[in-house]
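Student: This structure is in structure tokens; I'll ask about it shortly.
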Amino acid sequence: MYWESPDKQKYVIAAKGSPEAIADLCHLDQEKNKELTASIERMADNGLRVLGVAKAYFRKTDLPDVQHDFTFEFVGLIGFIDPVRPTVPPAIKEAYGAGSGLL
């Protein structure tokens, strides 16, 4: 997604996705990736679904050819609860019992 800045001189582009993909877009170094991985693991261990968020700026005249060529700045991680739908446990039970005749 992108938005035009209030001064009409540049655009702001936003990216969200798996933390690993966002880290790659931001060209994080090894140390920052290590810190990020630790944060992701802590959040996931608490049952959260984790997304990464980044932003970049560009002018109309210097639009890169591919997303990876933007100069993204890592904004942070978003953790949210993504509860299991009620239909999932019975579906898993059915999948495990498939072929065994033990439903």
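Here's how to read the names in the structure tokens: chain A, B, ... by the order shown, residue numbers from 1 in each chain, ligand numbers from 1 in the order shown.
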Going by DSSP on the backbone, which bits of chain A are strand (DSSP E or B)? Write them as number ranges by chain, please.

Tutor: A: 2-4, 11-17, 48-58, 73-81

Student: Could you pull the residues within 8 Å of A:Leu48, counting only C-alpha atoms, minus those fewer than 4 positions along the same chain, as a PyMOL selection string?

Tutor: chain A and resi 43-44+79-82

Student: Export N, CA and C atoms of the chosen residues as an mmCIF file, in the first residue's frame?

Tutor:
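Result saved to out_16.cif:
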```cif
data_model
loop_
_atom_site.group_PDB
_atom_site.id
_atom_site.type_symbol
_atom_site.label_atom_id
_atom_site.label_comp_id
_atom_site.auth_asym_id
_atom_site.auth_seq_id
_atom_site.Cartn_x
_atom_site.Cartn_y
_atom_site.Cartn_z
ATOM 1 N N MET A 43 6.966 -13.983 21.370
ATOM 2 C CA MET A 43 5.561 -13.693 21.072
ATOM 3 C C MET A 43 4.812 -14.970 20.699
ATOM 4 N N ALA A 44 5.422 -15.798 19.849
ATOM 5 C CA ALA A 44 4.784 -17.050 19.432
ATOM 6 C C ALA A 44 4.608 -17.998 20.611
ATOM 7 N N GLY A 79 1.573 -8.570 17.224
ATOM 8 C CA GLY A 79 1.163 -9.875 17.712
ATOM 9 C C GLY A 79 -0.315 -9.846 18.030
ATOM 10 N N PHE A 80 -1.038 -10.824 17.532
ATOM 11 C CA PHE A 80 -2.460 -10.856 17.830
ATOM 12 C C PHE A 80 -2.916 -12.286 18.055
ATOM 13 N N ILE A 81 -4.004 -12.387 18.769
ATOM 14 C CA ILE A 81 -4.588 -13.691 19.063
ATOM 15 C C ILE A 81 -5.383 -14.132 17.845
ATOM 16 N N ASP A 82 -5.128 -15.326 17.415
ATOM 17 C CA ASP A 82 -5.826 -15.899 16.272
ATOM 18 C C ASP A 82 -6.422 -17.221 16.733
#
```

Student: Between A:Leu25, A:Ala38, A:Val50, A:Ala98, which residue has the minimum interatomic distance to A:Val66, considering only C-alpha atoms?

Tutor: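 Closest to A:Val66 of all the choices is A:Leu25.
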
Student: Determine, counting only C-alpha atoms, which protein, DNA and RNA residues have an atom within 7 Å of an atom of stretch 11-17 of chain A; residues of the same chain fewer than 6 positions away are not included. Present the result as an NGL selection string.

Tutor: :A and (1-5 or 51-59)

Student: I need the chosen residues saved as a PDB file, in the first residue's frame, with N, CA and C atoms.

Tutor:
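File written: part_28.pdb
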```pdb
ATOM      1  N   MET A   1       0.841  -1.175   0.000  1.00  0.00           N
ATOM      2  CA  MET A   1       0.000   0.000   0.000  1.00  0.00           C
ATOM      3  C   MET A   1       0.886   1.238   0.000  1.00  0.00           C
ATOM      4  N   TYR A   2       0.370   2.312  -0.537  1.00  0.00           N
ATOM      5  CA  TYR A   2       1.122   3.554  -0.481  1.00  0.00           C
ATOM      6  C   TYR A   2       0.172   4.732  -0.332  1.00  0.00           C
ATOM      7  N   TRP A   3       0.713   5.815   0.208  1.00  0.00           N
ATOM      8  CA  TRP A   3      -0.031   7.042   0.415  1.00  0.00           C
ATOM      9  C   TRP A   3       0.819   8.221  -0.026  1.00  0.00           C
ATOM     10  N   GLU A   4       0.155   9.247  -0.526  1.00  0.00           N
ATOM     11  CA  GLU A   4       0.866  10.474  -0.870  1.00  0.00           C
ATOM     12  C   GLU A   4       1.063  11.292   0.403  1.00  0.00           C
ATOM     13  N   SER A   5       2.253  11.855   0.571  1.00  0.00           N
ATOM     14  CA  SER A   5       2.538  12.658   1.764  1.00  0.00           C
ATOM     15  C   SER A   5       1.725  13.963   1.699  1.00  0.00           C
ATOM     16  N   LEU A  51       3.163 -10.727  12.858  1.00  0.00           N
ATOM     17  CA  LEU A  51       3.418 -10.110  11.556  1.00  0.00           C
ATOM     18  C   LEU A  51       4.476  -9.032  11.719  1.00  0.00           C
ATOM     19  N   GLY A  52       5.244  -8.811  10.671  1.00  0.00           N
ATOM     20  CA  GLY A  52       6.213  -7.724  10.644  1.00  0.00           C
ATOM     21  C   GLY A  52       5.661  -6.570   9.831  1.00  0.00           C
ATOM     22  N   VAL A  53       6.111  -5.346  10.150  1.00  0.00           N
ATOM     23  CA  VAL A  53       5.653  -4.135   9.463  1.00  0.00           C
ATOM     24  C   VAL A  53       6.864  -3.274   9.127  1.00  0.00           C
ATOM     25  N   ALA A  54       6.839  -2.692   7.921  1.00  0.00           N
ATOM     26  CA  ALA A  54       7.926  -1.823   7.482  1.00  0.00           C
ATOM     27  C   ALA A  54       7.355  -0.669   6.670  1.00  0.00           C
ATOM     28  N   LYS A  55       8.179   0.381   6.501  1.00  0.00           N
ATOM     29  CA  LYS A  55       7.759   1.518   5.678  1.00  0.00           C
ATOM     30  C   LYS A  55       8.944   2.012   4.859  1.00  0.00           C
ATOM     31  N   ALA A  56       8.613   2.664   3.764  1.00  0.00           N
ATOM     32  CA  ALA A  56       9.632   3.261   2.901  1.00  0.00           C
ATOM     33  C   ALA A  56       9.031   4.531   2.297  1.00  0.00           C
ATOM     34  N   TYR A  57       9.900   5.369   1.766  1.00  0.00           N
ATOM     35  CA  TYR A  57       9.466   6.604   1.107  1.00  0.00           C
ATOM     36  C   TYR A  57      10.026   6.609  -0.307  1.00  0.00           C
ATOM     37  N   PHE A  58       9.300   7.221  -1.230  1.00  0.00           N
ATOM     38  CA  PHE A  58       9.828   7.382  -2.586  1.00  0.00           C
ATOM     39  C   PHE A  58       9.177   8.586  -3.257  1.00  0.00           C
ATOM     40  N   ARG A  59       9.862   9.089  -4.244  1.00  0.00           N
ATOM     41  CA  ARG A  59       9.332  10.158  -5.092  1.00  0.00           C
ATOM     42  C   ARG A  59       8.898   9.527  -6.406  1.00  0.00           C
TER      43      ARG A  59
END
```

Student: What residues in chain A get the DSSP label alpha helix (DSSP H)? Please answer as number ranges by chain.

Tutor: A: 19-25, 30-45, 88-97

Student: Can you list, as a PyMOL selection string, every protein, DNA or RNA residue that comes within 12 Å of A:His27 when you count only C-alpha atoms, leaving out same-chain residues fewer than 2 positions away?

Tutor: chain A and resi 20-25+29-33+54+68-74

Student: If you measure from atom CA of A:Tyr96 to atom CA of A:Ser18, what distance in Å do you get, rounded to one decimal?

Tutor: 28.9 Å

Student: Identify which of the residues A:Ile78, A:Leu36, A:Gln67, A:Lys93 lies closest to A:Arg49, counting only C-alpha atoms when measuring atom-to-atom distances.

Tutor: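 Among A:Ile78, A:Leu36, A:Gln67, A:Lys93, it is A:Ile78 that comes nearest to A:Arg49.
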